[in-house]
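Some notes on the structure that comes next.
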Amino acid sequence: MRPLLSVQGVTKHYGAHIGCADVSFDLYPGEVMGIVGESGSGKSTLLNCMAGHLAPDAGQVVFDTRAEGPKHTVTMSEPERRMLSRTDWAFVHQHARDGLRMGVSAGGNVGERLMAVGARHYGNIRDKATDWLERVEIDAARVDDRPTTFSGGMQQRLQIARNLVTGPRLVFMDEPTGGLDVSVQARLLDLLRGLVRDMGLSAIIVTHDLAVVRLLADRLMVMKSGRVVEAGLTDQVLDDPQHAYSQLLVSSVLQV
Amino acid sequence: MTDQAYNFAYLDEQTKRMIRRAILKGLAIPGYQVPFASREMPMPYGWGTGGVQVSAAVLTPDDTFKVIDQGADDTTNAVSIRSFFERTAGVETTTKTSEASVIQTRHRIPEEPLTEEQILVYQVPIPEPLRFLEPRESETRKMHSLEEYGLVHVKLYEDISRHGHIATSYAYPVKVEARYVMDPSPIPKFDNPKLGDMAAIQLFGAGREQRIYALPPYTQVVSLDFEDHPFEASKADHPCGLCNATESYLDEVIIDDQGGRMFVCSDTDYCAARQAAGHKGKDAA
């Protein structure tokens, strides 16, 4: 099987500081990869390099596009990359405000990606938006309300609907449950798990919450100081951590 | 009487040259916003400083100049700009659309069809059609260069979801030659169909925002819409109270505090010409 995303030796420096260094892995279709590590360990830098928001200093990212097969996303032209990020990719921000248009109704937010790829039939766009609101458990009657009137959990679910409406194949998530209270987190995780399974999505989830990766991720990478210190199956890494830092990370979770 | 203290048409020749270069570039790339070094003009921003600079750059001593403000020749903005060029350029001025060779306009296109001998200069407050959707200039420029115009439809979508129809009634976004999305300046959408395939040259000047853009003659201009909510050029559903015209764009005028009102042509020259030809509306004295 051909990997959907292949990352080789990605390195990003911020001046003399290391953002992330020499990260390599393959992500196969339908697989969910978790990236964990403490704040400042380079997880978000790595995610942004892969999603095309940052240009890595070295290394390559190869994505298996629908139309043309594997392509280097770092060296492809900007219009191509932006097209990818509207169609095959999705990016879920930690703060829903970064990923939503707060002045535009929920329906408009979900419809934006459809219109960006050429949908020009109002009725169809609206039907699809309403359908997606229901799929992320938002009352369809709120389709004309602005996200400012939504709770934090609803905003996050709206952001997910907006990203998944064009049927992407790869979802980048940056702390999707950060800043939400635990019961809302649980619901969101449940929803995400269902969507990932149903749509056969591949996803890369950056988080510092081990419970999130335990529930969602098939494989796990542990990062420290910009480098991957341990990688493997999620249960294997969490139940039998080998690297000293992974052991510390696992042991510092409170058992209730 | 020309005021000899000024160069012809107020601006110095180097400035006019710079503006003409921007105009030529704009004509070469229809709908593209060309940055230019807008000068301080002896009038406040928002009063047509962009239009005045473009007019000054294209005027020649042989031209006949007309200024309209919301279709009218006799409102403050029109009167002051007309007298400005009478004083600084000494050109002939007129209120008759057919006699003018350069027409500066604020928010209207004259009712009378223009010819290849004429230039229409628009005053533009906000040249960027994406501005209220995307506040970052760097981002809107990128969206133009990459033809990413989905956001304009988001605005129209919001209109329909809130009002049941596309409620944008002026500054209605258009696509030029299937490439650039352009703000036609705040003309009523009634005038939008006239933008395309026009015989005259259309120049747009935004003084504060320092942008010039243009439509060469016979350019394809399409108003954006949805398949199930097509574009409609709308006007008040009345005949003109003075000249009985049914095809012209109308202003609603409140005439007393008892709810009385009348509808009159916003294009005063068109209305006056029709009245002179014997047409009479129900409110005509």
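Letters A, B, ... go to the chains of the structure tokens in the order shown; residues in each chain start at 1; ligands are counted from 1 in the same order.
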- What lies within 8 Å of Leu114 (chain A) using only C-alpha atoms, ignoring chain neighbours under 3 positions off, as a ChimeraX atom specification? /A:110-111,117-119,125,165-166
Could you dump the residues just selected with N, CA, C and O atoms as a PDB file, in the first residue's frame?
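Result file is selection38.pdb:
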```pdb
ATOM      1  N   VAL A 110     -19.891  26.684   6.984  1.00  0.00           N
ATOM      2  CA  VAL A 110     -19.776  25.337   6.427  1.00  0.00           C
ATOM      3  C   VAL A 110     -19.745  25.407   4.900  1.00  0.00           C
ATOM      4  O   VAL A 110     -19.009  24.679   4.248  1.00  0.00           O
ATOM      5  N   GLY A 111     -20.541  26.341   4.345  1.00  0.00           N
ATOM      6  CA  GLY A 111     -20.635  26.429   2.890  1.00  0.00           C
ATOM      7  C   GLY A 111     -19.413  27.034   2.230  1.00  0.00           C
ATOM      8  O   GLY A 111     -19.226  26.881   1.030  1.00  0.00           O
ATOM      9  N   VAL A 117     -14.672  25.760  -3.890  1.00  0.00           N
ATOM     10  CA  VAL A 117     -14.344  24.808  -4.948  1.00  0.00           C
ATOM     11  C   VAL A 117     -15.395  24.830  -6.058  1.00  0.00           C
ATOM     12  O   VAL A 117     -15.447  23.942  -6.892  1.00  0.00           O
ATOM     13  N   GLY A 118     -16.263  25.877  -6.048  1.00  0.00           N
ATOM     14  CA  GLY A 118     -17.074  26.111  -7.239  1.00  0.00           C
ATOM     15  C   GLY A 118     -18.565  25.846  -7.110  1.00  0.00           C
ATOM     16  O   GLY A 118     -19.278  25.974  -8.090  1.00  0.00           O
ATOM     17  N   ALA A 119     -19.062  25.488  -5.901  1.00  0.00           N
ATOM     18  CA  ALA A 119     -20.511  25.284  -5.769  1.00  0.00           C
ATOM     19  C   ALA A 119     -21.220  26.626  -5.951  1.00  0.00           C
ATOM     20  O   ALA A 119     -20.844  27.614  -5.341  1.00  0.00           O
ATOM     21  N   ILE A 125     -26.063  24.088  -1.439  1.00  0.00           N
ATOM     22  CA  ILE A 125     -25.065  24.446  -0.426  1.00  0.00           C
ATOM     23  C   ILE A 125     -25.709  24.423   0.956  1.00  0.00           C
ATOM     24  O   ILE A 125     -25.178  23.864   1.913  1.00  0.00           O
ATOM     25  N   VAL A 165     -16.669  19.107   5.212  1.00  0.00           N
ATOM     26  CA  VAL A 165     -17.775  19.147   4.252  1.00  0.00           C
ATOM     27  C   VAL A 165     -17.333  18.808   2.836  1.00  0.00           C
ATOM     28  O   VAL A 165     -18.100  18.255   2.054  1.00  0.00           O
ATOM     29  N   THR A 166     -16.093  19.105   2.487  1.00  0.00           N
ATOM     30  CA  THR A 166     -15.643  18.777   1.131  1.00  0.00           C
ATOM     31  C   THR A 166     -15.039  17.382   1.041  1.00  0.00           C
ATOM     32  O   THR A 166     -14.418  17.041   0.044  1.00  0.00           O
TER      33      THR A 166
END
```
How close does each residue of chain A get to chain B, giving the shortest atom pair and distance in Å to one decimal for every residue with an atom at most 8 Å away, counting only C-alpha atoms, sorted by chain and residue number, as JSON lines?
```
{"residue": "A:Pro79", "atom": "CA", "partner": "B:Leu146", "partner_atom": "CA", "distance": 6.2}
{"residue": "A:Val104", "atom": "CA", "partner": "B:Glu158", "partner_atom": "CA", "distance": 7.1}
{"residue": "A:Ser105", "atom": "CA", "partner": "B:Glu158", "partner_atom": "CA", "distance": 7.0}
{"residue": "A:Gly108", "atom": "CA", "partner": "B:Val154", "partner_atom": "CA", "distance": 5.9}
{"residue": "A:Gly111", "atom": "CA", "partner": "B:Val154", "partner_atom": "CA", "distance": 7.4}
{"residue": "A:Glu112", "atom": "CA", "partner": "B:Val154", "partner_atom": "CA", "distance": 5.9}
{"residue": "A:Arg113", "atom": "CA", "partner": "B:Gly150", "partner_atom": "CA", "distance": 7.5}
{"residue": "A:Met115", "atom": "CA", "partner": "B:Gly150", "partner_atom": "CA", "distance": 4.9}
{"residue": "A:Ala116", "atom": "CA", "partner": "B:Gly150", "partner_atom": "CA", "distance": 3.9}
{"residue": "A:Val117", "atom": "CA", "partner": "B:Gly150", "partner_atom": "CA", "distance": 7.2}
{"residue": "A:Gly118", "atom": "CA", "partner": "B:Gly150", "partner_atom": "CA", "distance": 7.2}
{"residue": "A:Arg120", "atom": "CA", "partner": "B:Phe226", "partner_atom": "CA", "distance": 5.1}
{"residue": "A:His121", "atom": "CA", "partner": "B:Glu227", "partner_atom": "CA", "distance": 5.1}
{"residue": "A:Tyr122", "atom": "CA", "partner": "B:Phe226", "partner_atom": "CA", "distance": 6.0}
{"residue": "A:Gly123", "atom": "CA", "partner": "B:Asp228", "partner_atom": "CA", "distance": 7.1}
{"residue": "A:Asp144", "atom": "CA", "partner": "B:Ser161", "partner_atom": "CA", "distance": 6.6}
```
Save out the residues we just selected, N, CA, C and O atoms, as a PDB file, in the first residue's frame.
```
ATOM      1  N   PRO A  79      -0.543  28.078  -5.511  1.00  0.00           N
ATOM      2  CA  PRO A  79      -1.942  27.796  -5.857  1.00  0.00           C
ATOM      3  C   PRO A  79      -2.295  26.317  -5.679  1.00  0.00           C
ATOM      4  O   PRO A  79      -3.372  25.990  -5.178  1.00  0.00           O
ATOM      5  N   VAL A 104     -19.817  35.426  10.169  1.00  0.00           N
ATOM      6  CA  VAL A 104     -20.608  34.767   9.133  1.00  0.00           C
ATOM      7  C   VAL A 104     -21.414  33.657   9.788  1.00  0.00           C
ATOM      8  O   VAL A 104     -20.937  33.001  10.716  1.00  0.00           O
ATOM      9  N   SER A 105     -22.646  33.427   9.347  1.00  0.00           N
ATOM     10  CA  SER A 105     -23.521  32.432   9.974  1.00  0.00           C
ATOM     11  C   SER A 105     -22.912  31.029   9.898  1.00  0.00           C
ATOM     12  O   SER A 105     -21.999  30.777   9.106  1.00  0.00           O
ATOM     13  N   GLY A 108     -23.029  29.630   6.471  1.00  0.00           N
ATOM     14  CA  GLY A 108     -22.028  30.246   5.597  1.00  0.00           C
ATOM     15  C   GLY A 108     -20.647  29.702   5.869  1.00  0.00           C
ATOM     16  O   GLY A 108     -19.850  29.488   4.952  1.00  0.00           O
ATOM     17  N   GLY A 111     -20.541  26.341   4.345  1.00  0.00           N
ATOM     18  CA  GLY A 111     -20.635  26.429   2.890  1.00  0.00           C
ATOM     19  C   GLY A 111     -19.413  27.034   2.230  1.00  0.00           C
ATOM     20  O   GLY A 111     -19.226  26.881   1.030  1.00  0.00           O
ATOM     21  N   GLU A 112     -18.566  27.725   2.994  1.00  0.00           N
ATOM     22  CA  GLU A 112     -17.459  28.455   2.372  1.00  0.00           C
ATOM     23  C   GLU A 112     -16.558  27.558   1.528  1.00  0.00           C
ATOM     24  O   GLU A 112     -16.200  27.889   0.404  1.00  0.00           O
ATOM     25  N   ARG A 113     -16.205  26.387   2.081  1.00  0.00           N
ATOM     26  CA  ARG A 113     -15.319  25.502   1.323  1.00  0.00           C
ATOM     27  C   ARG A 113     -16.004  24.991   0.062  1.00  0.00           C
ATOM     28  O   ARG A 113     -15.359  24.808  -0.963  1.00  0.00           O
ATOM     29  N   MET A 115     -18.235  26.638  -1.686  1.00  0.00           N
ATOM     30  CA  MET A 115     -18.237  27.733  -2.657  1.00  0.00           C
ATOM     31  C   MET A 115     -16.827  27.963  -3.194  1.00  0.00           C
ATOM     32  O   MET A 115     -16.648  28.328  -4.348  1.00  0.00           O
ATOM     33  N   ALA A 116     -15.819  27.715  -2.343  1.00  0.00           N
ATOM     34  CA  ALA A 116     -14.436  27.911  -2.777  1.00  0.00           C
ATOM     35  C   ALA A 116     -14.043  26.915  -3.857  1.00  0.00           C
ATOM     36  O   ALA A 116     -13.151  27.179  -4.657  1.00  0.00           O
ATOM     37  N   VAL A 117     -14.672  25.760  -3.890  1.00  0.00           N
ATOM     38  CA  VAL A 117     -14.344  24.808  -4.948  1.00  0.00           C
ATOM     39  C   VAL A 117     -15.395  24.830  -6.058  1.00  0.00           C
ATOM     40  O   VAL A 117     -15.447  23.942  -6.892  1.00  0.00           O
ATOM     41  N   GLY A 118     -16.263  25.877  -6.048  1.00  0.00           N
ATOM     42  CA  GLY A 118     -17.074  26.111  -7.239  1.00  0.00           C
ATOM     43  C   GLY A 118     -18.565  25.846  -7.110  1.00  0.00           C
ATOM     44  O   GLY A 118     -19.278  25.974  -8.090  1.00  0.00           O
ATOM     45  N   ARG A 120     -22.253  26.669  -6.799  1.00  0.00           N
ATOM     46  CA  ARG A 120     -22.940  27.925  -7.080  1.00  0.00           C
ATOM     47  C   ARG A 120     -24.455  27.776  -7.003  1.00  0.00           C
ATOM     48  O   ARG A 120     -25.180  28.548  -7.594  1.00  0.00           O
ATOM     49  N   HIS A 121     -24.912  26.742  -6.287  1.00  0.00           N
ATOM     50  CA  HIS A 121     -26.352  26.550  -6.155  1.00  0.00           C
ATOM     51  C   HIS A 121     -26.714  26.712  -4.693  1.00  0.00           C
ATOM     52  O   HIS A 121     -26.370  25.862  -3.864  1.00  0.00           O
ATOM     53  N   TYR A 122     -27.408  27.807  -4.361  1.00  0.00           N
ATOM     54  CA  TYR A 122     -27.675  28.139  -2.968  1.00  0.00           C
ATOM     55  C   TYR A 122     -28.377  27.001  -2.232  1.00  0.00           C
ATOM     56  O   TYR A 122     -27.982  26.611  -1.134  1.00  0.00           O
ATOM     57  N   GLY A 123     -29.427  26.445  -2.855  1.00  0.00           N
ATOM     58  CA  GLY A 123     -30.214  25.397  -2.204  1.00  0.00           C
ATOM     59  C   GLY A 123     -29.353  24.200  -1.832  1.00  0.00           C
ATOM     60  O   GLY A 123     -29.429  23.678  -0.709  1.00  0.00           O
ATOM     61  N   ASP A 144     -28.586  29.639  10.710  1.00  0.00           N
ATOM     62  CA  ASP A 144     -28.395  31.056  10.395  1.00  0.00           C
ATOM     63  C   ASP A 144     -27.816  31.864  11.556  1.00  0.00           C
ATOM     64  O   ASP A 144     -27.689  33.075  11.461  1.00  0.00           O
TER      65      ASP A 144
END
```
- Item | Residue list (helix (DSSP H, G or I), DSSP) for region 6-172 of chain A, as a ChimeraX atom specification | /A:43-50,78-87,96-99,106-116,122-135,140-142,147-149,152-164
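Distances here use only C-alpha atoms; by that measure, the residue among A:Arg219, A:His208, A:Arg97, A:His53 closest to Pro147 (chain A) is A:Arg97.
Among the candidate residues A:Leu249, A:Val32, A:Leu238, A:Lys128, the one lying nearest to Leu195 (chain A) is A:Val32, with distances computed using only C-alpha atoms.
With only C-alpha atoms as the atoms that count, the residue of A:Gly200, A:Gly152, A:Gly37, A:Gly107 with the shortest distance to Val222 (chain A) is A:Gly37.
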- For Val61 (chain A), which residue among A:Val253, A:Leu27, A:Leu191, A:Leu215 is the nearest when counting only C-alpha atoms? A:Leu27
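With only C-alpha atoms taken into account, the protein and nucleic acid residues at most 7 Å from Leu203 (chain B) (excluding it and anything under 2 positions from it in its own chain) are Leu120, Val121, Tyr122, Ile201, Gly205, Tyr213, Ala214 and Leu215 of chain B.
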